[in-house]
Amino acid sequence: MVDLLTHTTRAIAPGSRMKALILVGGFGTRLRPLTLSRPKPLVEFANKPILLHQIEALAAAGVKHVVLAVSYRAEMLEQEIKQQETKLGITITLSHEQEPLGTAGPLGLAREILEKDAEPFFVLNSDVICSYPFKKMLELHHSHGKEGTIVVTKVEEPSKYGVVVYNPTSGQIDRFVEKPKIFVSNKINAGIYIFSPTVLKRIQVKFMSLEKEVFPFMAQDGQLFAFDLEGFWMDIGQPKDSCEGWLSTCPT
C-alpha cells in the first residue's frame, strides 16, 4: 500500500503546549448513508477513522491538547476517541455545541482553552485527509508573525471553487474569489489553519463562518498568509470523494 498519510514525527518544540481544535460538529449529511449510524469523523478511511488520522498526526507533531468541537452523536465520539489519550500521550477535550456555531463560533466557545499560554493553535476541518504539514506550517506562521496561516492546495478546475489570491513570494493573502469566471488563482482553502490567539477577538460565540466572516477581514488587515501544500490532499466529505481517496491509497 502506498503510504499517503505519513506524518512528521519531529516534535514542534521541546515542552510545547500547543493545542488544536477539530471541527467535528456537522451532521455528515453528504456522507449518508455512512453517517446514519455513526458520526462523520468515525467513518473509516484506509482502515482507520478519519478523525484518528488527524489526531495521530497532531500528536506526532507535538500537539498536547486537542479540542473536538462536537454536537451530533457526541457520546459515541467520546467513547471511541477518548481512549486515545493515554495511547498518544495527549489531552482530548470535547467542546459541546448546544446549537450549530458554523466554522468560527466553535473557536469562541473554546476560547478559554485556546488562548491559554498565548501559543498558536491549529484548526482543522474534520473531513480533510492529507500529508499534514504541521511543523512547516508553524515555522511559516512564526516567520511572518501575523494572526493566521491557512493551507492552500491546487485544483484543476478553479471555476468550481472559491479560490485564494495571494502574493506567491510573500504568501500574504490578498482576497478570496468565489467561483471565478476568469482565471485569478488555482489554489483553494484546504481546511487546515494555524492561528495566533489574537484572532479570537474577531470571533463571537454564535453561528459564524471563518470563510465568510473572518478570513476576508483578516486579509484586508494584512493578517492572513497562505501555506502552499505539496502532495496528497482530499476532502472526503462525500461518498464519491471518500471512495476515490481510499482507492488512491491502494496498490496499483
# chains A, B, ... in the order shown; residues from 1 in each chain; ligands from 1
$ residues_around --residues "Ala57 in chain A" --least-positions-apart "3" --cutoff "7 Å" --atoms "only C-alpha atoms" --output "ChimeraX atom specification"
/A:7,53-54,60-61,132
$ write_last_selection --atoms "N, CA and C atoms" --output "CSV table (one decimal), in the first residue's frame"
chain,number,residue,atom,x,y,z
A,7,HIS,N,3.0,10.9,8.6
A,7,HIS,CA,3.0,12.1,9.5
A,7,HIS,C,4.5,12.4,9.9
A,53,HIS,N,-6.8,9.7,12.1
A,53,HIS,CA,-5.7,10.1,11.3
A,53,HIS,C,-5.2,11.5,11.7
A,54,GLN,N,-6.2,12.4,11.9
A,54,GLN,CA,-5.8,13.8,12.3
A,54,GLN,C,-5.2,13.9,13.6
A,60,ALA,N,1.9,13.4,16.8
A,60,ALA,CA,3.2,13.1,16.3
A,60,ALA,C,4.0,14.4,16.1
A,61,ALA,N,3.3,15.5,15.8
A,61,ALA,CA,3.9,16.8,15.6
A,61,ALA,C,4.2,17.5,16.9
A,132,TYR,N,-0.3,15.9,6.5
A,132,TYR,CA,-0.4,17.0,7.4
A,132,TYR,C,0.9,17.7,7.7
$ select_by_dssp --residues "range 133-229 of chain A" --states "helix (DSSP H, G or I)" --output "ChimeraX atom specification"
/A:134-144,158-160,197-202,210-220
$ write_last_selection --atoms "C-alpha atoms" --output "CSV table (one decimal), in the first residue's frame"
chain,number,residue,atom,x,y,z
A,134,PHE,CA,2.0,20.9,10.9
A,135,LYS,CA,5.7,21.6,11.7
A,136,LYS,CA,6.3,23.5,8.5
A,137,MET,CA,3.1,25.5,9.0
A,138,LEU,CA,4.3,26.5,12.4
A,139,GLU,CA,7.6,27.6,11.0
A,140,LEU,CA,5.9,29.8,8.4
A,141,HIS,CA,3.5,31.2,10.9
A,142,HIS,CA,6.3,32.3,13.2
A,143,SER,CA,8.3,33.7,10.3
A,144,HIS,CA,5.5,36.2,9.3
A,158,PRO,CA,-10.8,26.6,-10.1
A,159,SER,CA,-14.1,27.9,-11.5
A,160,LYS,CA,-15.9,25.3,-9.4
A,197,PRO,CA,-4.7,33.7,20.0
A,198,THR,CA,-5.3,37.3,19.0
A,199,VAL,CA,-7.6,36.0,16.2
A,200,LEU,CA,-10.2,35.2,18.9
A,201,LYS,CA,-11.1,38.9,19.3
A,202,ARG,CA,-12.7,38.6,15.9
A,210,LEU,CA,-14.4,31.6,9.2
A,211,GLU,CA,-14.5,31.6,5.4
A,212,LYS,CA,-17.0,34.5,5.0
A,213,GLU,CA,-16.9,36.5,8.2
A,214,VAL,CA,-13.4,36.2,9.5
A,215,PHE,CA,-10.8,35.5,6.7
A,216,PRO,CA,-11.8,38.3,4.4
A,217,PHE,CA,-11.3,40.9,7.1
A,218,MET,CA,-8.0,39.3,8.2
A,219,ALA,CA,-6.8,39.6,4.6
A,220,GLN,CA,-7.9,43.2,4.5
$ atom_distance --atom1 "CA of Ala20 in chain A" --atom2 "CA of Lys64 in chain A"
8.4 Å
$ closest_residue --among "A:Ile182, A:Leu109, A:Ala59, A:Val70" --to "Glu85 in chain A" --atoms "only C-alpha atoms"
A:Ala59
$ atom_distance --atom1 "CA of Val205 in chain A" --atom2 "CA of Leu77 in chain A"
22.7 Å
$ closest_residue --among "A:Cys130, A:Val63, A:Leu23, A:Val184" --to "Met234 in chain A" --atoms "only C-alpha atoms"
A:Cys130
$ select_by_dssp --residues "range 14-198 of chain A" --states "strand (DSSP E or B)" --output "MDAnalysis selection string"
chainID A and resid 19:23 44 49 65:70 91:96 102 121:125 128:130 148:154 162:166 172:178 187:195
$ closest_residue --among "A:Phe227, A:Gly25, A:Val67, A:Asp221" --to "Thr93 in chain A" --atoms "only C-alpha atoms"
A:Val67
$ closest_residue --among "A:Ile50, A:Leu68, A:Gln223, A:Gln204" --to "Ile236 in chain A" --atoms "only C-alpha atoms"
A:Ile50
$ residues_around --residues "Leu21 in chain A" --least-positions-apart "4" --cutoff "12 Å" --atoms "only C-alpha atoms" --output "PyMOL selection string"
chain A and resi 25+51+54-55+58+63-70+91-95+103-111+113-115+120-126+192-195
$ atom_distance --atom1 "CA of Gly148 in chain A" --atom2 "CA of Ile129 in chain A"
20.7 Å
